[in-house]
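Asker: Structure in C-alpha cells, see below.
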Amino acid sequence: MMNEITQMLVDSAARMFADGSTKAVLDDVELGVYPQALHDMVVENGFDRIGIAAEGFATTDVFELLKSAGRFAVGVPLAEMVLAARWVGESGDFVSIGVVEGARVAQVPWGRRADRVLALVDGAARIGHVCHVTTGTNIAGEPRDTVTLEAVEEIAVDEGPFEMLALSRVALMAGCLERVLDLGLTYAGEREQFGRPISKFQAIQHALAVVAAEVAAAKRAADAAIDALGGERFAQEVAAAKARVGEAVGIVAEAVHQVHGAMGFTHEHELHHFTRRLWAWRDEYGNEVFWQRRLGGHLAKLGADHVWDFVATQS
Amino acid sequence: MLLHFDRVSLPDTAQNLRAEVRTFLTRHADHLLRPNSDFSSGHDPAFSELLGSRGWVGMTWPKEYGGAERTFFERYVVTEELLAAGAPVSAHWIADRQSGPLLLRYGSAQQCARFLPDIAAGRSFFSIGMSEPNTGSDLASVRTSARRTDGGWLVNGTKLWSTDAHRNHYMVALVRTEPPSENRHAGLSQFIVELSADGVEVRPIRNMSGGEDFNEVVFTDAFVADDQVVGEPGNGWEQVTSELGYERSGPERFLSAFRVFVEFVRLIGDDPAPHEAAAIGRIASHLMTLRRMSVSVAGMLEEGKSPAVEAALVKELGNNFEKALPEIARLAAPGGLSPGSFREAFTDTLLLSPSFTLRGGTREILRGVIARGLGLR
C-alpha cells in the first residue's frame, strides 16, 4: 500500500506528465528536440531531487515516480536526473548517466546536452565533463549518445548503481506496460467490425486476457524489486524483475499491436511511442538473459535443496 | 486500477509456522515418496490424519467445528510447504480447500457440526461432482437430476473426472432439481452424496500417465437425505461459482512442476554454463513473481474479498508456467534425459501436464473470466 506522501507525489507527477508529455512532444523528442518545458516543470517542482536523502522521500518513491513517468513515456531523462542528483548531489548542471565501453561512455540519455556524465563500470562509478559526443538513439528514438569524458574522478556509490539503473528501467516498463494494456482495452472497445466492437470477439478477449496477466505479473515483479531496495536480496530481486518484466514486454507489445491492426502501425497513432520504448528499455542495463544468468548463477551456488527456501522466504 | 495485486508480505506468525511444517515433514519423510509436487498425486489417509492432528487441515475454520481459526496466510504457508516437498495431500485436499468452506458459507449448522470436525481431523475426504459425460466447461448443462422422495431425493445420472471418488467418502454433486428452463443457471442444487451408498457406482478411469486417480460415478436412484442438501435447493449455481474461487487461487496452480526445477538445479550443480544459469534464472523469475501474486490473493481472502478474477489470472499464468518449466529445463539439461532423478521428475510431470490447463477450469474458460473482469464482456 502506498502511503499518503507517495500517493500525492505520484498523483501530482501524473498531472504534470499528462500535460507535458503529449503526442506532439513525443514526436519532437524523436526529432531531437529536448522537452524543455517539461524539464523546467520537473525541476521547478523538485521532482529531480526526490532521491536526495535530505528531501525526506523514501528511496522507493524514486521508482514510484518512474512508474508514472513510464506510463506517460516522458521525454526527459528522469531516471538519470533523479539518480545523478542522489549520487552527485544538487549541482545545478545537467548530469546524465551511461555505461563505460572501452575509452568512452555509451547509452547516455541526452548526452549531447549533458555537462557531466556519471559512468558506470564494474559496479562502481566515476564522473567527468563531456568533451566529445557522438549522437545516437535507441529503437524508440530516444537520444542515447556516446560521449568522451575529461577531468574524470571516482565517485562513491554504495548501493549498486548498475542494479539501480536496471530497476529504473523495470519501473519505467511497469508503468508503460499498464498504459499499453489500457490502450488495447480502449481500442478494442471502440473499433467496430462485423457490426460490433472487436472486444466482443472471443479471440480478442483472450488476447487481452493474456496481456492483462502479463501486465499484472510485471507490476508485481517490479514492486517486489522496489521493496527490496536496501535489502540483502536487492541484486537478486532486481534480476528477477528485469528478466520477468522484459519477457512480459515482448508478449504485450506483440499482442496489443495485433489488436490495433494497421491503425497501430501508423506513426500518427500513439501506440508505438509506448511499445518502442518497451522494446528499448528491456535491453538497457541488461536484457532478460543477462539477468536470468545472474539469478540462475546465484541459485546454482545455493544448491537444489535451498532453491525452495530462497523462493519462499522472499518478502 | 485493473487487476492490481497488492504488495502483501506474510506476517511473522505465518513465517514461524513454516519452520514447524518443515520439521514435521522431515520427521515424516517416509510419506514423501512422489517425485513431483502435484497436489493430485499421493492419496495417503494416514498422512492426512497426521496433518489433521497438527491442526493443519481446515485451519482457517471456527474452532467449534474442529478448525484452528488461523489466517489464510498461515494456511498458505502450510499448503505451499506441503506441495514443495511433494507431500501426499490428495486425500484431504478437496475437502480442505473447497467442500469445507462451501459448507461454512452455505451449509446448515447441523451440516457443519456433522461434517467439518472429521474433515479437519484429516479423516473425511471429499470429491468434486461437477463435470459429466456431456458437460465440461459448460457447467450449467449438467443433466444429473434429482426427484423428490420421502425424506429426500433420488439422484440419477453420471459425474465424470471425479478425482479420488474411488477412495474418498463423499462427493458434492451439482444436480438439476428442476427441469431446464430459459434461465440455464436456475434449478441447480448441490448434494452431499455418500460414495459408498446404494445406487452409487464408482468406475476408475485410467489416465494417460497410467494413474487411476479420476473416475466416472454413476447414480441409479441414489438416495440423498434432505439434510444433505447444501444451502437452498435451486441455489446451486451461485454456490458452485463461489466454490471455484477457492479452487483457483492457491499455490497448487503453479507448483505442479516444481520438483522438475529442483532436480534440474541438482543436475546442473554449482558451476552452471551460461545457458544453464539462464534457464534456472528464467524459471526462478517466474516462480518468484507467481508466488507473490498468489500471496496477494491470500491477502484478499483474508480480508473477506472474493478475488475470482485475480484467482483466474494466477491460474492462467501459473498453469502456463507449469507447462513451460519442464520444457525450459529439458532443453538446457546437461546430458538430456539420461536416467536419474531429473528424468524421473520430468517424465512424471510431462505426462500429467495436459491436465494442468484443464482441471479447475480450462485455459479458455479462465481467459473468459479475466476478460469479464476487464469489462470486455
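Within each chain, counting starts at residue 1; across the C-alpha cells, chains are named A, B, ... in the order shown, with ligands numbered 1 upward in that order.
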Find the residues around Glu263 (chain B) up to 9 Å (only C-alpha atoms counted), leave out those fewer than 2 positions away in its own chain, and share them as a compact mmCIF listing (two decimals) with C-alpha atoms, in the first residue's frame.
Answerer:
# COMPACT_ATOMS: atom_id res chain seq x y z
CA ALA A 304 18.99 -27.61 -5.33
CA PHE B 258 8.40 -27.60 -9.01
CA ARG B 259 10.26 -30.87 -8.43
CA VAL B 260 11.46 -30.72 -12.03
CA PHE B 261 13.09 -27.39 -11.20
CA VAL B 265 19.26 -27.37 -10.40
CA ARG B 266 20.72 -30.51 -8.82
CA LEU B 267 21.69 -31.90 -12.22
CA ILE B 268 23.46 -28.70 -13.19
CA SER B 341 16.11 -38.08 -10.71
CA PHE B 342 15.73 -35.22 -13.21
CA ARG B 343 14.40 -37.53 -15.88
CA ALA B 345 10.57 -35.86 -12.26
CA PHE B 346 10.42 -34.57 -15.82
Asker: At a cut-off of 7 Å, list the chain A residues touching chain B, using only C-alpha atoms, as a PDB file with N, CA, C and O atoms, in the first residue's frame.
Answerer:
ATOM      1  N   MET A   1       0.845  -1.207   0.000  1.00  0.00           N
ATOM      2  CA  MET A   1       0.000   0.000   0.000  1.00  0.00           C
ATOM      3  C   MET A   1       0.876   1.250   0.000  1.00  0.00           C
ATOM      4  O   MET A   1       1.832   1.347   0.747  1.00  0.00           O
ATOM      5  N   SER A 199     -13.977  -5.974 -29.225  1.00  0.00           N
ATOM      6  CA  SER A 199     -13.837  -6.514 -27.867  1.00  0.00           C
ATOM      7  C   SER A 199     -14.862  -7.603 -27.585  1.00  0.00           C
ATOM      8  O   SER A 199     -14.737  -8.342 -26.610  1.00  0.00           O
ATOM      9  N   LYS A 200     -15.875  -7.720 -28.432  1.00  0.00           N
ATOM     10  CA  LYS A 200     -16.891  -8.759 -28.221  1.00  0.00           C
ATOM     11  C   LYS A 200     -16.476 -10.091 -28.824  1.00  0.00           C
ATOM     12  O   LYS A 200     -17.151 -11.096 -28.628  1.00  0.00           O
ATOM     13  N   GLN A 205     -10.786 -11.048 -26.854  1.00  0.00           N
ATOM     14  CA  GLN A 205     -10.879 -11.132 -25.394  1.00  0.00           C
ATOM     15  C   GLN A 205      -9.736 -11.971 -24.823  1.00  0.00           C
ATOM     16  O   GLN A 205      -9.118 -11.593 -23.830  1.00  0.00           O
ATOM     17  N   HIS A 206      -9.461 -13.089 -25.472  1.00  0.00           N
ATOM     18  CA  HIS A 206      -8.403 -13.957 -24.954  1.00  0.00           C
ATOM     19  C   HIS A 206      -7.036 -13.313 -25.115  1.00  0.00           C
ATOM     20  O   HIS A 206      -6.181 -13.421 -24.234  1.00  0.00           O
ATOM     21  N   ALA A 209      -6.788 -10.869 -22.379  1.00  0.00           N
ATOM     22  CA  ALA A 209      -6.654 -11.542 -21.077  1.00  0.00           C
ATOM     23  C   ALA A 209      -5.193 -11.926 -20.839  1.00  0.00           C
ATOM     24  O   ALA A 209      -4.669 -11.764 -19.729  1.00  0.00           O
ATOM     25  N   ALA A 213      -2.722 -10.494 -17.879  1.00  0.00           N
ATOM     26  CA  ALA A 213      -1.974 -11.377 -16.980  1.00  0.00           C
ATOM     27  C   ALA A 213      -0.495 -10.990 -16.964  1.00  0.00           C
ATOM     28  O   ALA A 213       0.130 -10.902 -15.899  1.00  0.00           O
ATOM     29  N   ALA A 216      -0.065  -7.670 -15.106  1.00  0.00           N
ATOM     30  CA  ALA A 216      -0.202  -7.848 -13.657  1.00  0.00           C
ATOM     31  C   ALA A 216       1.059  -8.475 -13.072  1.00  0.00           C
ATOM     32  O   ALA A 216       1.543  -8.062 -12.016  1.00  0.00           O
ATOM     33  N   ALA A 217       1.597  -9.471 -13.769  1.00  0.00           N
ATOM     34  CA  ALA A 217       2.824 -10.124 -13.298  1.00  0.00           C
ATOM     35  C   ALA A 217       3.990  -9.141 -13.303  1.00  0.00           C
ATOM     36  O   ALA A 217       4.778  -9.078 -12.351  1.00  0.00           O
ATOM     37  N   ARG A 220       3.711  -6.742 -10.394  1.00  0.00           N
ATOM     38  CA  ARG A 220       4.034  -7.358  -9.103  1.00  0.00           C
ATOM     39  C   ARG A 220       5.535  -7.604  -8.979  1.00  0.00           C
ATOM     40  O   ARG A 220       6.128  -7.425  -7.910  1.00  0.00           O
ATOM     41  N   ALA A 221       6.163  -8.017 -10.076  1.00  0.00           N
ATOM     42  CA  ALA A 221       7.606  -8.243 -10.062  1.00  0.00           C
ATOM     43  C   ALA A 221       8.350  -6.930  -9.818  1.00  0.00           C
ATOM     44  O   ALA A 221       9.320  -6.878  -9.054  1.00  0.00           O
ATOM     45  N   ALA A 240      15.416 -10.801 -10.975  1.00  0.00           N
ATOM     46  CA  ALA A 240      14.135 -11.472 -11.259  1.00  0.00           C
ATOM     47  C   ALA A 240      13.178 -10.511 -11.956  1.00  0.00           C
ATOM     48  O   ALA A 240      12.491 -10.881 -12.920  1.00  0.00           O
ATOM     49  N   ALA A 241      13.135  -9.287 -11.491  1.00  0.00           N
ATOM     50  CA  ALA A 241      12.183  -8.322 -12.049  1.00  0.00           C
ATOM     51  C   ALA A 241      12.552  -7.922 -13.472  1.00  0.00           C
ATOM     52  O   ALA A 241      11.704  -7.885 -14.361  1.00  0.00           O
ATOM     53  N   ALA A 243      14.273  -9.564 -15.619  1.00  0.00           N
ATOM     54  CA  ALA A 243      14.055 -10.707 -16.506  1.00  0.00           C
ATOM     55  C   ALA A 243      12.553 -10.918 -16.760  1.00  0.00           C
ATOM     56  O   ALA A 243      12.126 -11.106 -17.898  1.00  0.00           O
ATOM     57  N   ARG A 244      11.768 -10.871 -15.695  1.00  0.00           N
ATOM     58  CA  ARG A 244      10.337 -11.166 -15.835  1.00  0.00           C
ATOM     59  C   ARG A 244       9.617 -10.063 -16.608  1.00  0.00           C
ATOM     60  O   ARG A 244       8.791 -10.330 -17.481  1.00  0.00           O
ATOM     61  N   VAL A 289      18.198 -12.304 -20.586  1.00  0.00           N
ATOM     62  CA  VAL A 289      19.156 -13.391 -20.376  1.00  0.00           C
ATOM     63  C   VAL A 289      20.304 -12.948 -19.470  1.00  0.00           C
ATOM     64  O   VAL A 289      20.780 -13.728 -18.631  1.00  0.00           O
ATOM     65  N   GLN A 292      18.779 -13.268 -16.083  1.00  0.00           N
ATOM     66  CA  GLN A 292      18.486 -14.676 -15.787  1.00  0.00           C
ATOM     67  C   GLN A 292      19.761 -15.398 -15.381  1.00  0.00           C
ATOM     68  O   GLN A 292      19.775 -16.204 -14.448  1.00  0.00           O
ATOM     69  N   ARG A 293      20.840 -15.097 -16.086  1.00  0.00           N
ATOM     70  CA  ARG A 293      22.112 -15.750 -15.766  1.00  0.00           C
ATOM     71  C   ARG A 293      22.595 -15.370 -14.372  1.00  0.00           C
ATOM     72  O   ARG A 293      23.099 -16.202 -13.623  1.00  0.00           O
ATOM     73  N   LEU A 295      20.732 -14.389 -11.806  1.00  0.00           N
ATOM     74  CA  LEU A 295      19.860 -15.020 -10.811  1.00  0.00           C
ATOM     75  C   LEU A 295      20.098 -16.527 -10.765  1.00  0.00           C
ATOM     76  O   LEU A 295      20.197 -17.133  -9.692  1.00  0.00           O
ATOM     77  N   GLY A 296      20.204 -17.117 -11.949  1.00  0.00           N
ATOM     78  CA  GLY A 296      20.427 -18.559 -12.022  1.00  0.00           C
ATOM     79  C   GLY A 296      21.760 -18.953 -11.411  1.00  0.00           C
ATOM     80  O   GLY A 296      21.869 -19.980 -10.725  1.00  0.00           O
ATOM     81  N   GLY A 297      22.788 -18.150 -11.633  1.00  0.00           N
ATOM     82  CA  GLY A 297      24.094 -18.422 -11.042  1.00  0.00           C
ATOM     83  C   GLY A 297      24.018 -18.401  -9.521  1.00  0.00           C
ATOM     84  O   GLY A 297      24.594 -19.254  -8.833  1.00  0.00           O
ATOM     85  N   ALA A 300      22.190 -21.576  -8.403  1.00  0.00           N
ATOM     86  CA  ALA A 300      23.025 -22.767  -8.565  1.00  0.00           C
ATOM     87  C   ALA A 300      24.033 -22.865  -7.418  1.00  0.00           C
ATOM     88  O   ALA A 300      24.300 -23.952  -6.900  1.00  0.00           O
ATOM     89  N   LYS A 301      24.567 -21.727  -7.008  1.00  0.00           N
ATOM     90  CA  LYS A 301      25.506 -21.726  -5.874  1.00  0.00           C
ATOM     91  C   LYS A 301      24.797 -22.133  -4.577  1.00  0.00           C
ATOM     92  O   LYS A 301      25.362 -22.826  -3.739  1.00  0.00           O
ATOM     93  N   GLY A 303      22.296 -24.147  -4.390  1.00  0.00           N
ATOM     94  CA  GLY A 303      22.086 -25.587  -4.494  1.00  0.00           C
ATOM     95  C   GLY A 303      20.615 -25.976  -4.508  1.00  0.00           C
ATOM     96  O   GLY A 303      19.753 -25.252  -4.000  1.00  0.00           O
ATOM     97  N   ALA A 304      20.359 -27.153  -5.086  1.00  0.00           N
ATOM     98  CA  ALA A 304      18.988 -27.607  -5.327  1.00  0.00           C
ATOM     99  C   ALA A 304      18.140 -27.632  -4.056  1.00  0.00           C
ATOM    100  O   ALA A 304      16.957 -27.288  -4.081  1.00  0.00           O
ATOM    101  N   VAL A 307      16.768 -24.074  -3.052  1.00  0.00           N
ATOM    102  CA  VAL A 307      16.009 -23.273  -4.009  1.00  0.00           C
ATOM    103  C   VAL A 307      14.652 -22.877  -3.429  1.00  0.00           C
ATOM    104  O   VAL A 307      14.238 -21.720  -3.515  1.00  0.00           O
ATOM    105  N   VAL A 311      13.006 -19.082  -2.605  1.00  0.00           N
ATOM    106  CA  VAL A 311      11.742 -18.575  -3.160  1.00  0.00           C
ATOM    107  C   VAL A 311      10.748 -18.240  -2.038  1.00  0.00           C
ATOM    108  O   VAL A 311      10.079 -17.213  -2.071  1.00  0.00           O
ATOM    109  N   SER A 315      10.102 -11.612   0.553  1.00  0.00           N
ATOM    110  CA  SER A 315       9.139 -10.766   1.267  1.00  0.00           C
ATOM    111  C   SER A 315       7.750 -10.995   0.723  1.00  0.00           C
ATOM    112  O   SER A 315       7.585 -11.391  -0.415  1.00  0.00           O
TER     113      SER A 315
END
Asker: Write out as an MDAnalysis selection string each polymer residue whose atoms come within 12 Å of Leu139 (chain B), counting only C-alpha atoms; drop sequence neighbours fewer than 2 positions from it.
Answerer: chainID B and resid 129:137 141:144 159:160 173:176 184:185 188 236:237 240:241 244 360:362 365
Asker: Any chance you could export the current selection's C-alpha atoms as a short mmCIF file (atom, residue, chain, number, x, y, z; two decimals), in the first residue's frame?
Answerer:
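Below is the file that was written, out-v2.cif:
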data_model
loop_
_atom_site.label_atom_id
_atom_site.label_comp_id
_atom_site.auth_asym_id
_atom_site.auth_seq_id
_atom_site.Cartn_x
_atom_site.Cartn_y
_atom_site.Cartn_z
CA GLY B 129 -19.01 -33.72 -8.70
CA MET B 130 -19.30 -31.09 -11.40
CA SER B 131 -18.37 -32.42 -14.87
CA GLU B 132 -20.43 -35.05 -16.71
CA PRO B 133 -20.01 -37.02 -19.94
CA ASN B 134 -21.65 -34.21 -21.89
CA THR B 135 -20.82 -31.38 -19.51
CA GLY B 136 -17.34 -29.94 -19.21
CA SER B 137 -16.69 -26.22 -19.44
CA SER B 141 -25.67 -28.03 -18.90
CA VAL B 142 -25.48 -30.77 -16.23
CA ARG B 143 -28.13 -33.47 -16.65
CA THR B 144 -27.76 -35.45 -13.45
CA LYS B 159 -20.47 -37.50 -12.97
CA LEU B 160 -17.06 -37.54 -14.61
CA ALA B 173 -22.58 -33.16 -6.64
CA LEU B 174 -24.15 -30.42 -8.74
CA VAL B 175 -27.55 -31.75 -9.81
CA ARG B 176 -30.65 -30.50 -11.53
CA ARG B 184 -29.88 -22.00 -17.52
CA HIS B 185 -28.49 -21.26 -14.08
CA LEU B 188 -29.47 -26.46 -9.81
CA GLY B 236 -26.54 -24.41 -6.78
CA TRP B 237 -25.16 -22.13 -9.46
CA VAL B 240 -20.66 -23.72 -7.24
CA THR B 241 -19.30 -20.45 -8.63
CA LEU B 244 -14.49 -22.34 -7.88
CA GLY B 360 -10.25 -26.34 -12.14
CA GLY B 361 -11.37 -24.54 -15.29
CA THR B 362 -9.77 -24.70 -18.71
CA ILE B 365 -12.78 -20.52 -19.51
#
Asker: Which polymer residues have any atom within 9 Å of an atom of Arg104 (chain A), counting only C-alpha atoms, with same-chain residues fewer than 5 positions away left out, as a PyMOL selection string?
Answerer: chain A and resi 99+146-149
Asker: Would you list the contacts of Arg71 (chain A) as a ChimeraX atom specification, taking every protein, DNA or RNA residue within 12 Å and counting only C-alpha atoms, but skipping same-chain residues closer than 4 positions in sequence?
Answerer: /A:10,13-15,17-18,21-22,64-67,75,171-183,271,273-275,277-278
Asker: Have a look at A:Ile155, A:Val245, A:Ala207, A:Ile127 and name the one nearest to Arg169 (chain A); count only C-alpha atoms.
Answerer: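 So, comparing all the options, the nearest one is A:Val245.
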Asker: Could you tell me how far CA of Thr135 (chain A) lies from CA of Arg112 (chain A), in Å and to one decimal?
Answerer: 6.8 Å
Asker: When you count only C-alpha atoms, which of these residues is closest to Asp115 (chain A): A:Gly160, A:Gly195, A:Gly92, A:Gly56?
Answerer: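 Closest to Asp115 (chain A), using only C-alpha atoms: A:Gly92.
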Asker: Taking the DSSP assignment computed from this structure's backbone, write out as a ChimeraX atom specification all residues of region 27-152 of chain A that belong to strand (DSSP E or B).
Answerer: /A:95-101,104-109,116-121,124-134,137,143-152
Asker: For Arg147 (chain B), which residue among B:Val297, B:Val218, B:Val224, B:Leu331 is the nearest when counting only C-alpha atoms?
Answerer: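 Counting only C-alpha atoms, the residue closest to Arg147 (chain B) is B:Val224.
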Asker: One decimal, Å: what's the distance from CA of Ala197 (chain B) over to CA of Arg148 (chain B), could you say?
Answerer: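 Spanning CA of Ala197 (chain B) to CA of Arg148 (chain B) is a straight-line distance of 17.6 Å.
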Asker: Counting only C-alpha atoms, what is within 10 Å of Trp87 (chain A), bar same-chain residues fewer than 2 positions away, as a list in words?
Answerer: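 In the requested format, the answer is Gly51, Ile52, Val82, Leu83, Ala84, Ala85, Gly89, Glu90, Leu118, Ala125, Ile155, Ala156, Val157, Asp158, Glu159 and Pro161 of chain A.
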